[in-house]
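A.B. asks: The structure's right below; bear with me while I get my questions together.
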Amino acid sequence: QVRLVESGGGLVQAGGSLRLSCAASGFIFSINGLGWYRQAPGKQRELVASVTSTGNTNYADAVKGRFTISRDNINNTVYLQMNSLKPEDTAVYYCNAYPPFEYWGQGTLVTVSE
């Protein structure tokens, strides 16, 4: 079955950086589009970044130029490099396929302080 394990979150000051990782299993990783999503308190989950099976990327306007999604098809891992973090980036971050499976992992909490 699908398994998604996110890691790398934490507390960081505004302007700082974090790198999130997601170990995936249970599906054919290399042929799927992948995405990072986030859910802030009181808000709906939203797509932050996606990468196709051929490596094409797309970003939400709010993170464009600051976040970079990448994938490692050998190790079935997807990454999200987050730079110049802002307090409004505070959220639980999830990885999933793009479009997403019904299954969601636990996510990893990112908290950006002023």
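Each chain in the structure tokens gets a letter, A, B, ..., in the order shown, and its residues are numbered from 1; ligands are numbered from 1 in order too.
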Tell me which protein, DNA and RNA residues are within 8 Å of Glu6 of chain A, counting only C-alpha atoms, leaving out same-chain ones fewer than 6 positions away, and put them as an mmCIF file with N, CA and C atoms, in the first residue's frame.
C.D. replies:
```
data_model
loop_
_atom_site.group_PDB
_atom_site.id
_atom_site.type_symbol
_atom_site.label_atom_id
_atom_site.label_comp_id
_atom_site.auth_asym_id
_atom_site.auth_seq_id
_atom_site.Cartn_x
_atom_site.Cartn_y
_atom_site.Cartn_z
ATOM 1 N N LEU A 20 12.741 19.857 3.309
ATOM 2 C CA LEU A 20 11.843 18.759 3.632
ATOM 3 C C LEU A 20 12.149 17.559 2.738
ATOM 4 N N SER A 21 11.960 16.379 3.308
ATOM 5 C CA SER A 21 12.131 15.140 2.558
ATOM 6 C C SER A 21 10.879 14.290 2.701
ATOM 7 N N CYS A 22 10.636 13.467 1.701
ATOM 8 C CA CYS A 22 9.498 12.552 1.751
ATOM 9 C C CYS A 22 9.919 11.232 1.136
ATOM 10 N N ALA A 23 9.888 10.196 1.955
ATOM 11 C CA ALA A 23 10.174 8.848 1.486
ATOM 12 C C ALA A 23 8.870 8.182 1.093
ATOM 13 N N TYR A 93 3.223 20.397 6.303
ATOM 14 C CA TYR A 93 3.557 20.111 4.916
ATOM 15 C C TYR A 93 3.446 18.613 4.652
ATOM 16 N N TYR A 94 2.825 18.297 3.541
ATOM 17 C CA TYR A 94 2.600 16.917 3.134
ATOM 18 C C TYR A 94 3.142 16.707 1.726
ATOM 19 N N CYS A 95 3.631 15.510 1.473
ATOM 20 C CA CYS A 95 3.913 15.129 0.096
ATOM 21 C C CYS A 95 2.841 14.134 -0.345
ATOM 22 N N GLY A 105 0.054 11.048 4.384
ATOM 23 C CA GLY A 105 0.926 10.764 5.505
ATOM 24 C C GLY A 105 0.642 11.698 6.672
ATOM 25 N N GLN A 106 1.521 11.660 7.653
ATOM 26 C CA GLN A 106 1.348 12.477 8.857
ATOM 27 C C GLN A 106 1.738 13.931 8.636
ATOM 28 N N GLY A 107 2.556 14.167 7.656
ATOM 29 C CA GLY A 107 3.028 15.522 7.413
ATOM 30 C C GLY A 107 4.157 15.903 8.353
ATOM 31 N N THR A 108 4.744 17.058 8.091
ATOM 32 C CA THR A 108 5.796 17.589 8.944
ATOM 33 C C THR A 108 5.511 19.071 9.185
#
```
A.B. asks: Which residues come within 12 Å of Asp61 of chain A, counting only C-alpha atoms, excluding same-chain residues fewer than 2 positions away, as a ChimeraX atom specification?
C.D. replies: /A:46-49,58-59,63-67
A.B. asks: Which is closest to Gln44 of chain A among A:Ile69, A:Ala91, A:Leu80, A:Val112, if we use only C-alpha atoms?
C.D. replies: A:Ala91
A.B. asks: Select, from A:Glu88, A:Leu18, A:Trp104, A:Ala97, the residue with the minimum atom-to-atom distance to Pro41 of chain A, counting only C-alpha atoms.
C.D. replies: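 Smallest distance to Pro41 of chain A is found for A:Glu88.
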A.B. asks: Counting only C-alpha atoms, which residue out of A:Leu11, A:Val2, A:Val92, A:Ile28 sits closest to Gly42 of chain A?
C.D. replies: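 Closest to Gly42 of chain A, using only C-alpha atoms: A:Val92.
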A.B. asks: Near Gly26 of chain A, within 12 Å and counting only C-alpha atoms, which residues show up once chain neighbours fewer than 2 positions away are dropped, as a PyMOL selection string?
C.D. replies: chain A and resi 1-5+23-24+28-30+32+76+96-97+101+103
A.B. asks: Just to be explicit: take each residue in the selection above, keep N, CA and C atoms, and write the result as a tab-separated table (two decimals), in the first residue's frame.
C.D. replies:
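Saved to part.tsv:
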```
chain	number	residue	atom	x	y	z
A	1	GLN	N	0.84	-1.18	0.00
A	1	GLN	CA	0.00	0.00	0.00
A	1	GLN	C	0.89	1.25	0.00
A	2	VAL	N	0.27	2.36	-0.37
A	2	VAL	CA	1.00	3.62	-0.43
A	2	VAL	C	1.45	4.02	0.97
A	3	ARG	N	2.70	4.47	1.05
A	3	ARG	CA	3.22	5.00	2.30
A	3	ARG	C	4.03	6.24	1.98
A	4	LEU	N	3.78	7.31	2.72
A	4	LEU	CA	4.47	8.58	2.54
A	4	LEU	C	4.94	9.05	3.90
A	5	VAL	N	6.23	9.27	4.05
A	5	VAL	CA	6.79	9.68	5.33
A	5	VAL	C	7.56	10.98	5.13
A	23	ALA	N	9.89	10.20	1.96
A	23	ALA	CA	10.17	8.85	1.49
A	23	ALA	C	8.87	8.18	1.09
A	24	ALA	N	8.82	7.71	-0.14
A	24	ALA	CA	7.58	7.14	-0.67
A	24	ALA	C	7.76	5.67	-1.01
A	28	ILE	N	4.45	3.07	-8.12
A	28	ILE	CA	5.56	3.22	-9.06
A	28	ILE	C	5.96	4.69	-9.07
A	29	PHE	N	6.95	5.00	-8.27
A	29	PHE	CA	7.35	6.37	-8.00
A	29	PHE	C	7.71	7.12	-9.27
A	30	SER	N	8.51	6.49	-10.12
A	30	SER	CA	9.13	7.22	-11.23
A	30	SER	C	8.13	7.71	-12.28
A	32	ASN	N	4.99	8.74	-11.65
A	32	ASN	CA	3.96	9.61	-11.08
A	32	ASN	C	4.44	11.04	-10.94
A	76	ASN	N	13.38	6.94	-4.39
A	76	ASN	CA	11.94	7.18	-4.17
A	76	ASN	C	11.71	8.27	-3.12
A	96	ASN	N	2.67	14.06	-1.65
A	96	ASN	CA	1.73	13.10	-2.21
A	96	ASN	C	2.00	13.06	-3.70
A	97	ALA	N	1.31	12.17	-4.36
A	97	ALA	CA	1.34	12.21	-5.82
A	97	ALA	C	0.62	13.48	-6.28
A	101	PHE	N	-3.12	10.90	-4.11
A	101	PHE	CA	-3.84	9.72	-3.69
A	101	PHE	C	-4.80	10.11	-2.56
A	103	TYR	N	-4.80	8.51	0.22
A	103	TYR	CA	-3.98	8.36	1.42
A	103	TYR	C	-3.07	9.58	1.60
```
A.B. asks: Using only C-alpha atoms for the distances, tell me which of A:Thr90, A:Glu102, A:Phe27, A:Glu114 is nearest to Ala40 of chain A.
C.D. replies: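 Going through A:Thr90, A:Glu102, A:Phe27, A:Glu114 one by one, the smallest distance to Ala40 of chain A is for A:Thr90.
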A.B. asks: Please extract the residues of chain A with a backbone DSSP assignment of helix (DSSP H, G or I) and present them as a PyMOL selection string.
C.D. replies: chain A and resi 29-31+87-89
A.B. asks: Please measure the separation of atom CA of Thr111 of chain A and atom CA of Ala60 of chain A, giving the value in Å to one decimal.
C.D. replies: 18.9 Å
A.B. asks: Could you give me the residues within chain A that DSSP places in strand (DSSP E or B), as a ChimeraX atom specification?
C.D. replies: /A:3-7,10-13,18-25,34-39,46-51,57-59,67-72,77-82,91-97,108-113
A.B. asks: Ranking A:Ser25, A:Asn56, A:Val51, A:Gly35 by minimum distance to Ile74 of chain A and counting only C-alpha atoms, which one comes first?
C.D. replies: A:Ser25
